[in-house]
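Visitor: Data file final12.cif (mmCIF, N, CA and C atoms) is appended below.
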```cif
data_upload
#
loop_
_atom_site.label_atom_id
_atom_site.label_comp_id
_atom_site.auth_asym_id
_atom_site.auth_seq_id
_atom_site.Cartn_x
_atom_site.Cartn_y
_atom_site.Cartn_z
N MET A 44 11.86 2.32 -16.68
CA MET A 44 11.36 3.49 -15.99
C MET A 44 10.73 4.44 -17.00
N SER A 45 9.61 4.98 -16.61
CA SER A 45 8.85 5.85 -17.51
C SER A 45 9.17 7.32 -17.26
N SER A 46 9.05 8.12 -18.30
CA SER A 46 9.27 9.54 -18.13
C SER A 46 7.98 10.25 -17.73
N ASP A 47 6.83 9.57 -17.87
CA ASP A 47 5.55 10.15 -17.47
C ASP A 47 4.68 9.09 -16.81
N PRO A 48 4.83 8.90 -15.50
CA PRO A 48 4.06 7.86 -14.81
C PRO A 48 2.55 8.11 -14.78
N ILE A 49 2.12 9.36 -14.84
CA ILE A 49 0.67 9.65 -14.84
C ILE A 49 0.05 9.17 -16.15
N SER A 50 0.73 9.40 -17.28
CA SER A 50 0.24 8.89 -18.56
C SER A 50 0.17 7.37 -18.54
N ASP A 51 1.17 6.73 -17.92
CA ASP A 51 1.15 5.28 -17.81
C ASP A 51 -0.04 4.80 -16.99
N MET A 52 -0.38 5.53 -15.93
CA MET A 52 -1.54 5.18 -15.11
C MET A 52 -2.83 5.27 -15.94
N LEU A 53 -3.00 6.37 -16.66
CA LEU A 53 -4.19 6.56 -17.47
C LEU A 53 -4.29 5.51 -18.57
N THR A 54 -3.16 5.16 -19.19
CA THR A 54 -3.13 4.15 -20.23
C THR A 54 -3.48 2.77 -19.67
N THR A 55 -2.98 2.45 -18.49
CA THR A 55 -3.29 1.17 -17.85
C THR A 55 -4.78 1.06 -17.57
N ILE A 56 -5.40 2.13 -17.09
CA ILE A 56 -6.84 2.13 -16.84
C ILE A 56 -7.61 1.98 -18.14
N ARG A 57 -7.22 2.72 -19.18
CA ARG A 57 -7.88 2.62 -20.49
C ARG A 57 -7.79 1.19 -21.04
N ASN A 58 -6.59 0.61 -20.98
CA ASN A 58 -6.39 -0.74 -21.51
C ASN A 58 -7.17 -1.77 -20.71
N GLY A 59 -7.25 -1.60 -19.39
CA GLY A 59 -8.03 -2.51 -18.55
C GLY A 59 -9.51 -2.45 -18.88
N LEU A 60 -10.01 -1.25 -19.16
CA LEU A 60 -11.41 -1.10 -19.53
C LEU A 60 -11.70 -1.74 -20.89
N LYS A 61 -10.78 -1.57 -21.84
CA LYS A 61 -10.96 -2.19 -23.15
C LYS A 61 -10.94 -3.71 -23.07
N ALA A 62 -10.11 -4.26 -22.17
CA ALA A 62 -10.00 -5.71 -22.00
C ALA A 62 -11.07 -6.25 -21.06
N ARG A 63 -11.94 -5.36 -20.53
CA ARG A 63 -13.01 -5.73 -19.59
C ARG A 63 -12.48 -6.41 -18.33
N LEU A 64 -11.37 -5.91 -17.81
CA LEU A 64 -10.79 -6.45 -16.59
C LEU A 64 -11.56 -5.95 -15.38
N TYR A 65 -11.51 -6.74 -14.30
CA TYR A 65 -12.17 -6.36 -13.05
C TYR A 65 -11.35 -5.28 -12.35
N SER A 66 -10.02 -5.43 -12.35
CA SER A 66 -9.15 -4.45 -11.69
C SER A 66 -7.81 -4.40 -12.40
N VAL A 67 -7.07 -3.32 -12.14
CA VAL A 67 -5.72 -3.15 -12.67
C VAL A 67 -4.79 -2.74 -11.54
N LYS A 68 -3.51 -3.06 -11.69
CA LYS A 68 -2.49 -2.68 -10.71
C LYS A 68 -1.52 -1.71 -11.35
N ILE A 69 -1.18 -0.67 -10.60
CA ILE A 69 -0.21 0.31 -11.08
C ILE A 69 0.77 0.60 -9.95
N PRO A 70 2.00 0.98 -10.27
CA PRO A 70 2.95 1.37 -9.22
C PRO A 70 2.42 2.58 -8.44
N ALA A 71 2.64 2.58 -7.14
CA ALA A 71 2.05 3.61 -6.28
C ALA A 71 2.90 4.87 -6.21
N SER A 72 2.21 5.99 -6.07
CA SER A 72 2.81 7.27 -5.72
C SER A 72 1.70 8.10 -5.08
N HIS A 73 2.10 9.14 -4.38
CA HIS A 73 1.12 9.99 -3.70
C HIS A 73 0.17 10.65 -4.70
N LEU A 74 0.72 11.16 -5.80
CA LEU A 74 -0.10 11.84 -6.81
C LEU A 74 -1.09 10.87 -7.47
N LYS A 75 -0.65 9.65 -7.74
CA LYS A 75 -1.55 8.66 -8.35
C LYS A 75 -2.67 8.29 -7.39
N CYS A 76 -2.37 8.19 -6.10
CA CYS A 76 -3.42 7.92 -5.10
C CYS A 76 -4.45 9.05 -5.06
N GLU A 77 -3.99 10.27 -5.16
CA GLU A 77 -4.90 11.41 -5.16
C GLU A 77 -5.76 11.45 -6.42
N ILE A 78 -5.18 11.11 -7.56
CA ILE A 78 -5.96 11.05 -8.80
C ILE A 78 -7.02 9.95 -8.68
N ALA A 79 -6.64 8.80 -8.14
CA ALA A 79 -7.60 7.70 -7.95
C ALA A 79 -8.71 8.11 -6.98
N ARG A 80 -8.36 8.88 -5.95
CA ARG A 80 -9.37 9.35 -4.99
C ARG A 80 -10.40 10.24 -5.69
N VAL A 81 -9.93 11.15 -6.54
CA VAL A 81 -10.84 12.04 -7.26
C VAL A 81 -11.72 11.24 -8.23
N LEU A 82 -11.14 10.25 -8.91
CA LEU A 82 -11.91 9.41 -9.82
C LEU A 82 -12.98 8.63 -9.07
N LYS A 83 -12.65 8.16 -7.87
CA LYS A 83 -13.63 7.42 -7.07
C LYS A 83 -14.75 8.35 -6.60
N GLN A 84 -14.40 9.54 -6.12
CA GLN A 84 -15.41 10.50 -5.66
C GLN A 84 -16.38 10.87 -6.79
N ALA A 85 -15.86 10.96 -8.01
CA ALA A 85 -16.70 11.32 -9.15
C ALA A 85 -17.48 10.13 -9.70
N GLY A 86 -17.17 8.92 -9.24
CA GLY A 86 -17.90 7.74 -9.66
C GLY A 86 -17.39 7.08 -10.93
N TYR A 87 -16.17 7.37 -11.32
CA TYR A 87 -15.61 6.78 -12.54
C TYR A 87 -14.93 5.43 -12.29
N ILE A 88 -14.51 5.16 -11.06
CA ILE A 88 -13.95 3.86 -10.71
C ILE A 88 -14.70 3.32 -9.49
N GLY A 89 -14.64 2.02 -9.31
CA GLY A 89 -15.34 1.41 -8.18
C GLY A 89 -14.65 1.71 -6.86
N ASP A 90 -13.36 1.39 -6.78
CA ASP A 90 -12.60 1.58 -5.55
C ASP A 90 -11.12 1.51 -5.88
N PHE A 91 -10.28 1.88 -4.93
CA PHE A 91 -8.85 1.70 -5.07
C PHE A 91 -8.26 1.35 -3.71
N VAL A 92 -7.21 0.53 -3.74
CA VAL A 92 -6.56 0.08 -2.50
C VAL A 92 -5.05 0.21 -2.69
N LEU A 93 -4.39 0.76 -1.70
CA LEU A 93 -2.93 0.86 -1.70
C LEU A 93 -2.38 -0.36 -0.98
N THR A 94 -1.59 -1.19 -1.68
CA THR A 94 -1.05 -2.39 -1.07
C THR A 94 0.12 -2.03 -0.16
N THR A 95 0.38 -2.89 0.81
CA THR A 95 1.46 -2.63 1.78
C THR A 95 2.73 -3.39 1.44
N ASP A 96 2.68 -4.30 0.46
CA ASP A 96 3.89 -5.05 0.11
C ASP A 96 4.87 -4.16 -0.65
N PHE A 97 6.08 -4.68 -0.86
CA PHE A 97 7.11 -3.91 -1.56
C PHE A 97 7.30 -4.48 -2.94
N PRO A 98 7.31 -3.72 -3.99
CA PRO A 98 7.01 -2.28 -4.06
C PRO A 98 5.51 -2.04 -3.95
N ALA A 99 5.14 -0.92 -3.38
CA ALA A 99 3.74 -0.58 -3.17
C ALA A 99 3.04 -0.39 -4.51
N GLN A 100 1.80 -0.88 -4.57
CA GLN A 100 1.01 -0.75 -5.77
C GLN A 100 -0.39 -0.26 -5.42
N ILE A 101 -1.04 0.32 -6.40
CA ILE A 101 -2.44 0.72 -6.25
C ILE A 101 -3.27 -0.25 -7.08
N VAL A 102 -4.24 -0.88 -6.45
CA VAL A 102 -5.16 -1.77 -7.16
C VAL A 102 -6.45 -0.98 -7.38
N ILE A 103 -6.78 -0.73 -8.63
CA ILE A 103 -7.96 0.06 -8.98
C ILE A 103 -9.03 -0.88 -9.51
N THR A 104 -10.20 -0.86 -8.86
CA THR A 104 -11.34 -1.64 -9.31
C THR A 104 -12.10 -0.81 -10.35
N LEU A 105 -12.21 -1.37 -11.53
CA LEU A 105 -12.85 -0.65 -12.63
C LEU A 105 -14.36 -0.75 -12.54
N LYS A 106 -15.05 0.22 -13.11
CA LYS A 106 -16.50 0.30 -13.00
C LYS A 106 -17.14 0.20 -14.38
N TYR A 107 -18.21 -0.59 -14.44
CA TYR A 107 -18.96 -0.79 -15.68
C TYR A 107 -20.44 -0.61 -15.38
N SER A 108 -21.23 -0.32 -16.43
CA SER A 108 -22.68 -0.25 -16.27
C SER A 108 -23.24 -1.67 -16.37
N ASP A 109 -24.55 -1.80 -16.32
CA ASP A 109 -25.18 -3.11 -16.37
C ASP A 109 -24.87 -3.87 -17.66
N LYS A 110 -24.70 -3.16 -18.74
CA LYS A 110 -24.45 -3.80 -20.03
C LYS A 110 -22.97 -3.89 -20.35
N ALA A 111 -22.12 -3.90 -19.36
CA ALA A 111 -20.67 -4.01 -19.50
C ALA A 111 -20.08 -2.85 -20.29
N VAL A 112 -20.71 -1.68 -20.20
CA VAL A 112 -20.19 -0.47 -20.83
C VAL A 112 -19.31 0.23 -19.79
N PRO A 113 -18.06 0.55 -20.13
CA PRO A 113 -17.18 1.19 -19.15
C PRO A 113 -17.70 2.55 -18.70
N ALA A 114 -17.47 2.88 -17.43
CA ALA A 114 -17.87 4.18 -16.90
C ALA A 114 -17.03 5.29 -17.52
N ILE A 115 -15.80 4.97 -17.90
CA ILE A 115 -14.90 5.95 -18.52
C ILE A 115 -14.84 5.65 -20.02
N THR A 116 -15.18 6.63 -20.83
CA THR A 116 -15.10 6.46 -22.27
C THR A 116 -13.85 7.12 -22.86
N GLU A 117 -13.34 8.15 -22.16
CA GLU A 117 -12.17 8.86 -22.67
C GLU A 117 -11.37 9.43 -21.50
N MET A 118 -10.06 9.25 -21.55
CA MET A 118 -9.14 9.86 -20.58
C MET A 118 -8.03 10.51 -21.39
N LYS A 119 -7.79 11.78 -21.12
CA LYS A 119 -6.80 12.52 -21.91
C LYS A 119 -5.85 13.25 -20.98
N ARG A 120 -4.55 13.05 -21.18
CA ARG A 120 -3.52 13.74 -20.40
C ARG A 120 -3.37 15.14 -20.99
N ILE A 121 -3.47 16.17 -20.15
CA ILE A 121 -3.38 17.55 -20.63
C ILE A 121 -1.98 18.11 -20.36
N SER A 122 -1.59 18.18 -19.09
CA SER A 122 -0.29 18.71 -18.74
C SER A 122 0.73 17.58 -18.80
N LYS A 123 1.76 17.76 -19.61
CA LYS A 123 2.77 16.72 -19.81
C LYS A 123 4.10 17.21 -19.26
N PRO A 124 5.04 16.28 -19.00
CA PRO A 124 6.35 16.72 -18.49
C PRO A 124 7.06 17.72 -19.40
N GLY A 125 6.87 17.60 -20.70
CA GLY A 125 7.52 18.52 -21.63
C GLY A 125 6.80 19.83 -21.80
N LEU A 126 5.52 19.88 -21.44
CA LEU A 126 4.73 21.10 -21.62
C LEU A 126 3.64 21.13 -20.54
N ARG A 127 3.92 21.82 -19.47
CA ARG A 127 2.96 21.93 -18.37
C ARG A 127 1.87 22.94 -18.73
N LYS A 128 0.64 22.65 -18.32
CA LYS A 128 -0.50 23.55 -18.59
C LYS A 128 -1.07 24.04 -17.25
N TYR A 129 -0.87 25.30 -16.98
CA TYR A 129 -1.39 25.92 -15.77
C TYR A 129 -2.52 26.87 -16.15
N VAL A 130 -3.57 26.90 -15.33
CA VAL A 130 -4.71 27.75 -15.62
C VAL A 130 -5.16 28.48 -14.36
N SER A 131 -5.79 29.61 -14.55
CA SER A 131 -6.42 30.32 -13.43
C SER A 131 -7.81 29.72 -13.24
N VAL A 132 -8.50 30.16 -12.20
CA VAL A 132 -9.81 29.59 -11.88
C VAL A 132 -10.82 29.79 -13.01
N GLY A 133 -10.74 30.88 -13.72
CA GLY A 133 -11.67 31.14 -14.81
C GLY A 133 -11.38 30.35 -16.07
N GLN A 134 -10.19 29.77 -16.17
CA GLN A 134 -9.80 29.03 -17.36
C GLN A 134 -9.94 27.52 -17.20
N ILE A 135 -10.41 27.04 -16.05
CA ILE A 135 -10.57 25.61 -15.85
C ILE A 135 -11.63 25.10 -16.82
N PRO A 136 -11.29 24.09 -17.64
CA PRO A 136 -12.22 23.67 -18.69
C PRO A 136 -13.44 22.93 -18.14
N SER A 137 -14.54 23.08 -18.85
CA SER A 137 -15.75 22.32 -18.57
C SER A 137 -15.78 21.17 -19.57
N VAL A 138 -15.60 19.95 -19.09
CA VAL A 138 -15.52 18.78 -19.96
C VAL A 138 -16.93 18.29 -20.28
N LEU A 139 -17.24 18.19 -21.54
CA LEU A 139 -18.57 17.75 -22.02
C LEU A 139 -19.70 18.54 -21.37
N ASP A 140 -19.55 19.83 -21.30
CA ASP A 140 -20.54 20.73 -20.69
C ASP A 140 -20.93 20.30 -19.28
N GLY A 141 -19.94 19.92 -18.50
CA GLY A 141 -20.17 19.56 -17.10
C GLY A 141 -20.43 18.08 -16.87
N MET A 142 -20.53 17.28 -17.92
CA MET A 142 -20.77 15.84 -17.76
C MET A 142 -19.47 15.08 -17.53
N GLY A 143 -18.34 15.70 -17.83
CA GLY A 143 -17.04 15.07 -17.65
C GLY A 143 -16.35 15.64 -16.43
N LEU A 144 -15.05 15.34 -16.31
CA LEU A 144 -14.28 15.71 -15.13
C LEU A 144 -12.91 16.21 -15.56
N ALA A 145 -12.50 17.33 -15.00
CA ALA A 145 -11.13 17.81 -15.16
C ALA A 145 -10.45 17.62 -13.80
N ILE A 146 -9.26 17.03 -13.78
CA ILE A 146 -8.53 16.83 -12.53
C ILE A 146 -7.43 17.89 -12.48
N VAL A 147 -7.43 18.66 -11.39
CA VAL A 147 -6.54 19.82 -11.26
C VAL A 147 -5.68 19.65 -10.01
N SER A 148 -4.39 19.92 -10.15
CA SER A 148 -3.48 19.94 -9.00
C SER A 148 -3.35 21.39 -8.55
N THR A 149 -3.87 21.69 -7.36
CA THR A 149 -3.86 23.06 -6.84
C THR A 149 -2.92 23.15 -5.65
N SER A 150 -2.82 24.33 -5.08
CA SER A 150 -2.00 24.51 -3.88
C SER A 150 -2.63 23.84 -2.66
N LYS A 151 -3.91 23.51 -2.73
CA LYS A 151 -4.61 22.82 -1.65
C LYS A 151 -4.77 21.33 -1.91
N GLY A 152 -4.10 20.80 -2.94
CA GLY A 152 -4.15 19.39 -3.25
C GLY A 152 -4.82 19.12 -4.58
N VAL A 153 -4.93 17.84 -4.90
CA VAL A 153 -5.55 17.42 -6.16
C VAL A 153 -7.06 17.39 -5.97
N MET A 154 -7.79 18.00 -6.92
CA MET A 154 -9.25 18.04 -6.83
C MET A 154 -9.85 18.12 -8.22
N SER A 155 -11.15 17.94 -8.28
CA SER A 155 -11.84 18.06 -9.56
C SER A 155 -11.92 19.53 -9.96
N GLY A 156 -12.20 19.78 -11.22
CA GLY A 156 -12.32 21.15 -11.70
C GLY A 156 -13.45 21.90 -11.03
N VAL A 157 -14.55 21.22 -10.73
CA VAL A 157 -15.69 21.86 -10.07
C VAL A 157 -15.30 22.28 -8.65
N GLU A 158 -14.60 21.39 -7.92
CA GLU A 158 -14.15 21.74 -6.56
C GLU A 158 -13.17 22.90 -6.58
N ALA A 159 -12.27 22.91 -7.58
CA ALA A 159 -11.30 23.99 -7.69
C ALA A 159 -11.99 25.32 -7.97
N LYS A 160 -13.04 25.31 -8.80
CA LYS A 160 -13.78 26.54 -9.07
C LYS A 160 -14.49 27.04 -7.81
N LYS A 161 -15.07 26.11 -7.03
CA LYS A 161 -15.74 26.50 -5.79
C LYS A 161 -14.75 27.07 -4.78
N ALA A 162 -13.55 26.51 -4.74
CA ALA A 162 -12.52 26.98 -3.81
C ALA A 162 -11.76 28.19 -4.36
N ARG A 163 -12.09 28.60 -5.60
CA ARG A 163 -11.44 29.74 -6.26
C ARG A 163 -9.93 29.51 -6.38
N LEU A 164 -9.55 28.30 -6.85
CA LEU A 164 -8.15 27.94 -6.99
C LEU A 164 -7.84 27.54 -8.43
N GLY A 165 -6.76 28.02 -8.95
CA GLY A 165 -6.26 27.57 -10.24
C GLY A 165 -5.15 26.56 -9.98
N GLY A 166 -4.53 26.08 -11.05
CA GLY A 166 -3.44 25.14 -10.87
C GLY A 166 -3.11 24.44 -12.18
N GLU A 167 -2.50 23.27 -12.05
CA GLU A 167 -2.08 22.49 -13.21
C GLU A 167 -3.18 21.50 -13.58
N ILE A 168 -3.62 21.53 -14.83
CA ILE A 168 -4.62 20.59 -15.31
C ILE A 168 -3.91 19.27 -15.61
N ILE A 169 -4.19 18.25 -14.81
CA ILE A 169 -3.52 16.96 -15.00
C ILE A 169 -4.14 16.20 -16.16
N CYS A 170 -5.46 16.01 -16.13
CA CYS A 170 -6.12 15.25 -17.19
C CYS A 170 -7.61 15.58 -17.22
N THR A 171 -8.27 15.10 -18.27
CA THR A 171 -9.73 15.19 -18.36
C THR A 171 -10.26 13.78 -18.53
N VAL A 172 -11.46 13.55 -17.98
CA VAL A 172 -12.10 12.24 -18.02
C VAL A 172 -13.53 12.43 -18.49
N ALA A 173 -13.97 11.56 -19.38
CA ALA A 173 -15.36 11.62 -19.85
C ALA A 173 -15.95 10.23 -19.87
#
```
As structure tokens, how would this structure be written, given the file I've shared?
Guide:
Amino acid sequence: MSSDPISDMLTTIRNGLKARLYSVKIPASHLKCEIARVLKQAGYIGDFVLTTDFPAQIVITLKYSDKAVPAITEMKRISKPGLRKYVSVGQIPSVLDGMGLAIVSTSKGVMSGVEAKKARLGGEIICTVA
């Protein structure tokens, strides 16, 4: 059992991209599904499917460019179980001057940093993706 399942999810995706895998499987949770949804909306992953067997898993289809270059070059966990990072709407980071993605857990759910700024919501910065 892991003490930080979100870090394990990000590491599994990073390792799958380095190994040029078509898809990866991770143990399912509601928060992980929401993170995968935001990654799909932003175009960093191809698709994700929640399996119905026991134990439930999320199958994430990884995305590459034409030359087998991964869509994700960097994933960094910001808020950790030992040190949570909460920010107001004005402090939400701009990753790579708007070319990257910050994933924020707000009171209205998990969303990208851009969506959180539009909704005028702060929250916990889960990770950044570039």
Visitor: Measuring between all atoms listed in the file, which one of A:Val157, A:Lys75, A:Thr94, A:Lys151 shows the shortest distance to Pro48 of chain A?
Guide: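 Between A:Val157, A:Lys75, A:Thr94, A:Lys151, the residue approaching Pro48 of chain A most closely is A:Lys75.
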Visitor: Using the chain letters and numbers from this file, what does the PyMOL selection byres ((chain A and resi 161-173) around 6.5) select? Give the answer as a list in words.
Guide: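 The output of the PyMOL selection byres ((chain A and resi 161-173) around 6.5) on this file is Ala114, Ile115, Thr116, Glu117, Met118, Lys119, Arg120, Ile121, Ser122, Lys128, Tyr129, Val130, Ser131, Val132, Met142, Gly143, Leu144, Ala145, Ile146, Val147, Ser148, Thr149, Ser150, Gly156, Val157, Glu158, Ala159 and Lys160 of chain A.
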Visitor: What's around segment 95-110 of chain A at 9 Å? Count only C-alpha atoms, leave out sequence neighbours fewer than 4 positions away in its own chain, and write the answer as an MDAnalysis selection string.
Guide: chainID A and resid 56 59:60 63:72 75:76 79 86:91 114:115
Visitor: Could those residues be written to a file, using N, CA and C atoms, as a PDB file, keeping the file's coordinate frame?
Guide:
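Contents of part31.pdb, as written:
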```
ATOM      1  N   ILE A  56      -5.400   2.130 -17.090  1.00  0.00           N
ATOM      2  CA  ILE A  56      -6.840   2.130 -16.840  1.00  0.00           C
ATOM      3  C   ILE A  56      -7.610   1.980 -18.140  1.00  0.00           C
ATOM      4  N   GLY A  59      -7.250  -1.600 -19.390  1.00  0.00           N
ATOM      5  CA  GLY A  59      -8.030  -2.510 -18.550  1.00  0.00           C
ATOM      6  C   GLY A  59      -9.510  -2.450 -18.880  1.00  0.00           C
ATOM      7  N   LEU A  60     -10.010  -1.250 -19.160  1.00  0.00           N
ATOM      8  CA  LEU A  60     -11.410  -1.100 -19.530  1.00  0.00           C
ATOM      9  C   LEU A  60     -11.700  -1.740 -20.890  1.00  0.00           C
ATOM     10  N   ARG A  63     -11.940  -5.360 -20.530  1.00  0.00           N
ATOM     11  CA  ARG A  63     -13.010  -5.730 -19.590  1.00  0.00           C
ATOM     12  C   ARG A  63     -12.480  -6.410 -18.330  1.00  0.00           C
ATOM     13  N   LEU A  64     -11.370  -5.910 -17.810  1.00  0.00           N
ATOM     14  CA  LEU A  64     -10.790  -6.450 -16.590  1.00  0.00           C
ATOM     15  C   LEU A  64     -11.560  -5.950 -15.380  1.00  0.00           C
ATOM     16  N   TYR A  65     -11.510  -6.740 -14.300  1.00  0.00           N
ATOM     17  CA  TYR A  65     -12.170  -6.360 -13.050  1.00  0.00           C
ATOM     18  C   TYR A  65     -11.350  -5.280 -12.350  1.00  0.00           C
ATOM     19  N   SER A  66     -10.020  -5.430 -12.350  1.00  0.00           N
ATOM     20  CA  SER A  66      -9.150  -4.450 -11.690  1.00  0.00           C
ATOM     21  C   SER A  66      -7.810  -4.400 -12.400  1.00  0.00           C
ATOM     22  N   VAL A  67      -7.070  -3.320 -12.140  1.00  0.00           N
ATOM     23  CA  VAL A  67      -5.720  -3.150 -12.670  1.00  0.00           C
ATOM     24  C   VAL A  67      -4.790  -2.740 -11.540  1.00  0.00           C
ATOM     25  N   LYS A  68      -3.510  -3.060 -11.690  1.00  0.00           N
ATOM     26  CA  LYS A  68      -2.490  -2.680 -10.710  1.00  0.00           C
ATOM     27  C   LYS A  68      -1.520  -1.710 -11.350  1.00  0.00           C
ATOM     28  N   ILE A  69      -1.180  -0.670 -10.600  1.00  0.00           N
ATOM     29  CA  ILE A  69      -0.210   0.310 -11.080  1.00  0.00           C
ATOM     30  C   ILE A  69       0.770   0.600  -9.950  1.00  0.00           C
ATOM     31  N   PRO A  70       2.000   0.980 -10.270  1.00  0.00           N
ATOM     32  CA  PRO A  70       2.950   1.370  -9.220  1.00  0.00           C
ATOM     33  C   PRO A  70       2.420   2.580  -8.440  1.00  0.00           C
ATOM     34  N   ALA A  71       2.640   2.580  -7.140  1.00  0.00           N
ATOM     35  CA  ALA A  71       2.050   3.610  -6.280  1.00  0.00           C
ATOM     36  C   ALA A  71       2.900   4.870  -6.210  1.00  0.00           C
ATOM     37  N   SER A  72       2.210   5.990  -6.070  1.00  0.00           N
ATOM     38  CA  SER A  72       2.810   7.270  -5.720  1.00  0.00           C
ATOM     39  C   SER A  72       1.700   8.100  -5.080  1.00  0.00           C
ATOM     40  N   LYS A  75      -0.650   9.650  -7.740  1.00  0.00           N
ATOM     41  CA  LYS A  75      -1.550   8.660  -8.350  1.00  0.00           C
ATOM     42  C   LYS A  75      -2.670   8.290  -7.390  1.00  0.00           C
ATOM     43  N   CYS A  76      -2.370   8.190  -6.100  1.00  0.00           N
ATOM     44  CA  CYS A  76      -3.420   7.920  -5.100  1.00  0.00           C
ATOM     45  C   CYS A  76      -4.450   9.050  -5.060  1.00  0.00           C
ATOM     46  N   ALA A  79      -6.640   8.800  -8.140  1.00  0.00           N
ATOM     47  CA  ALA A  79      -7.600   7.700  -7.950  1.00  0.00           C
ATOM     48  C   ALA A  79      -8.710   8.110  -6.980  1.00  0.00           C
ATOM     49  N   GLY A  86     -17.170   8.920  -9.240  1.00  0.00           N
ATOM     50  CA  GLY A  86     -17.900   7.740  -9.660  1.00  0.00           C
ATOM     51  C   GLY A  86     -17.390   7.080 -10.930  1.00  0.00           C
ATOM     52  N   TYR A  87     -16.170   7.370 -11.320  1.00  0.00           N
ATOM     53  CA  TYR A  87     -15.610   6.780 -12.540  1.00  0.00           C
ATOM     54  C   TYR A  87     -14.930   5.430 -12.290  1.00  0.00           C
ATOM     55  N   ILE A  88     -14.510   5.160 -11.060  1.00  0.00           N
ATOM     56  CA  ILE A  88     -13.950   3.860 -10.710  1.00  0.00           C
ATOM     57  C   ILE A  88     -14.700   3.320  -9.490  1.00  0.00           C
ATOM     58  N   GLY A  89     -14.640   2.020  -9.310  1.00  0.00           N
ATOM     59  CA  GLY A  89     -15.340   1.410  -8.180  1.00  0.00           C
ATOM     60  C   GLY A  89     -14.650   1.710  -6.860  1.00  0.00           C
ATOM     61  N   ASP A  90     -13.360   1.390  -6.780  1.00  0.00           N
ATOM     62  CA  ASP A  90     -12.600   1.580  -5.550  1.00  0.00           C
ATOM     63  C   ASP A  90     -11.120   1.510  -5.880  1.00  0.00           C
ATOM     64  N   PHE A  91     -10.280   1.880  -4.930  1.00  0.00           N
ATOM     65  CA  PHE A  91      -8.850   1.700  -5.070  1.00  0.00           C
ATOM     66  C   PHE A  91      -8.260   1.350  -3.710  1.00  0.00           C
ATOM     67  N   ALA A 114     -17.470   2.880 -17.430  1.00  0.00           N
ATOM     68  CA  ALA A 114     -17.870   4.180 -16.900  1.00  0.00           C
ATOM     69  C   ALA A 114     -17.030   5.290 -17.520  1.00  0.00           C
ATOM     70  N   ILE A 115     -15.800   4.970 -17.900  1.00  0.00           N
ATOM     71  CA  ILE A 115     -14.900   5.950 -18.520  1.00  0.00           C
ATOM     72  C   ILE A 115     -14.840   5.650 -20.020  1.00  0.00           C
TER      73      ILE A 115
END
```
Visitor: Measure the distance from atom N of Met154 of chain A to atom CA of Val81 of chain A in Å and round it to one decimal.
Guide: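 Atom CA of Val81 of chain A lies 6.7 Å from atom N of Met154 of chain A.
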Visitor: Could you state the separation of atom CA of Arg57 of chain A and atom CA of Leu82 of chain A in Å, given to one decimal place?
Guide: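 Calculated distance between atom CA of Arg57 of chain A and atom CA of Leu82 of chain A is 13.3 Å.
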Visitor: Expressed in Å to a single decimal, how great is the separation between atom CA of Ile49 of chain A and atom CA of Ser155 of chain A?
Guide: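 According to the coordinates, atom CA of Ile49 of chain A and atom CA of Ser155 of chain A are separated by 16.0 Å.
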Visitor: Can you tell me, as a list in words, which residues in segment 76-165 of chain A count as strand (DSSP E) by DSSP?
Guide: Ile88, Gly89, Asp90, Phe91, Val92, Leu93, Gln100, Ile101, Val102, Ile103, Thr104, Leu105, Met118, Lys119, Arg120, Tyr129, Val130, Leu144, Ala145, Ile146, Val147, Ser148, Thr149, Gly152, Val153, Met154 and Ser155 of chain A
Visitor: From the set A:Lys123, A:Gln84, A:His73, A:Leu93, which residue has the shortest atom-to-atom contact distance to Ser50 of chain A, counting only C-alpha atoms?
Guide: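 The shortest atom-to-atom distance to Ser50 of chain A comes from A:Lys123.
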Visitor: Mind checking DSSP for segment 99-169 of chain A and telling me the helix (DSSP H, G or I) residues as a ChimeraX atom specification?
Guide: /A:132-134,138-141,156-161
Visitor: Taking the block above, write segment 75-83 of chain A with N, CA and C atoms as a PDB file, in the first residue's frame.
Guide:
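Generated file (part_21.pdb):
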```pdb
ATOM      1  N   LYS A  75      -8.357  10.036  -8.929  1.00  0.00           N
ATOM      2  CA  LYS A  75      -7.543   9.650 -10.084  1.00  0.00           C
ATOM      3  C   LYS A  75      -8.353   9.745 -11.373  1.00  0.00           C
ATOM      4  N   CYS A  76      -9.625   9.368 -11.324  1.00  0.00           N
ATOM      5  CA  CYS A  76     -10.495   9.498 -12.506  1.00  0.00           C
ATOM      6  C   CYS A  76     -10.650  10.962 -12.906  1.00  0.00           C
ATOM      7  N   GLU A  77     -10.786  11.837 -11.933  1.00  0.00           N
ATOM      8  CA  GLU A  77     -10.922  13.262 -12.226  1.00  0.00           C
ATOM      9  C   GLU A  77      -9.627  13.843 -12.802  1.00  0.00           C
ATOM     10  N   ILE A  78      -8.489  13.405 -12.295  1.00  0.00           N
ATOM     11  CA  ILE A  78      -7.208  13.857 -12.845  1.00  0.00           C
ATOM     12  C   ILE A  78      -7.072  13.376 -14.285  1.00  0.00           C
ATOM     13  N   ALA A  79      -7.443  12.127 -14.545  1.00  0.00           N
ATOM     14  CA  ALA A  79      -7.386  11.587 -15.912  1.00  0.00           C
ATOM     15  C   ALA A  79      -8.339  12.349 -16.833  1.00  0.00           C
ATOM     16  N   ARG A  80      -9.501  12.745 -16.318  1.00  0.00           N
ATOM     17  CA  ARG A  80     -10.461  13.510 -17.127  1.00  0.00           C
ATOM     18  C   ARG A  80      -9.852  14.859 -17.539  1.00  0.00           C
ATOM     19  N   VAL A  81      -9.194  15.536 -16.600  1.00  0.00           N
ATOM     20  CA  VAL A  81      -8.573  16.827 -16.904  1.00  0.00           C
ATOM     21  C   VAL A  81      -7.432  16.644 -17.909  1.00  0.00           C
ATOM     22  N   LEU A  82      -6.636  15.584 -17.753  1.00  0.00           N
ATOM     23  CA  LEU A  82      -5.548  15.316 -18.695  1.00  0.00           C
ATOM     24  C   LEU A  82      -6.088  15.037 -20.094  1.00  0.00           C
ATOM     25  N   LYS A  83      -7.212  14.330 -20.169  1.00  0.00           N
ATOM     26  CA  LYS A  83      -7.818  14.044 -21.477  1.00  0.00           C
ATOM     27  C   LYS A  83      -8.365  15.326 -22.111  1.00  0.00           C
TER      28      LYS A  83
END
```
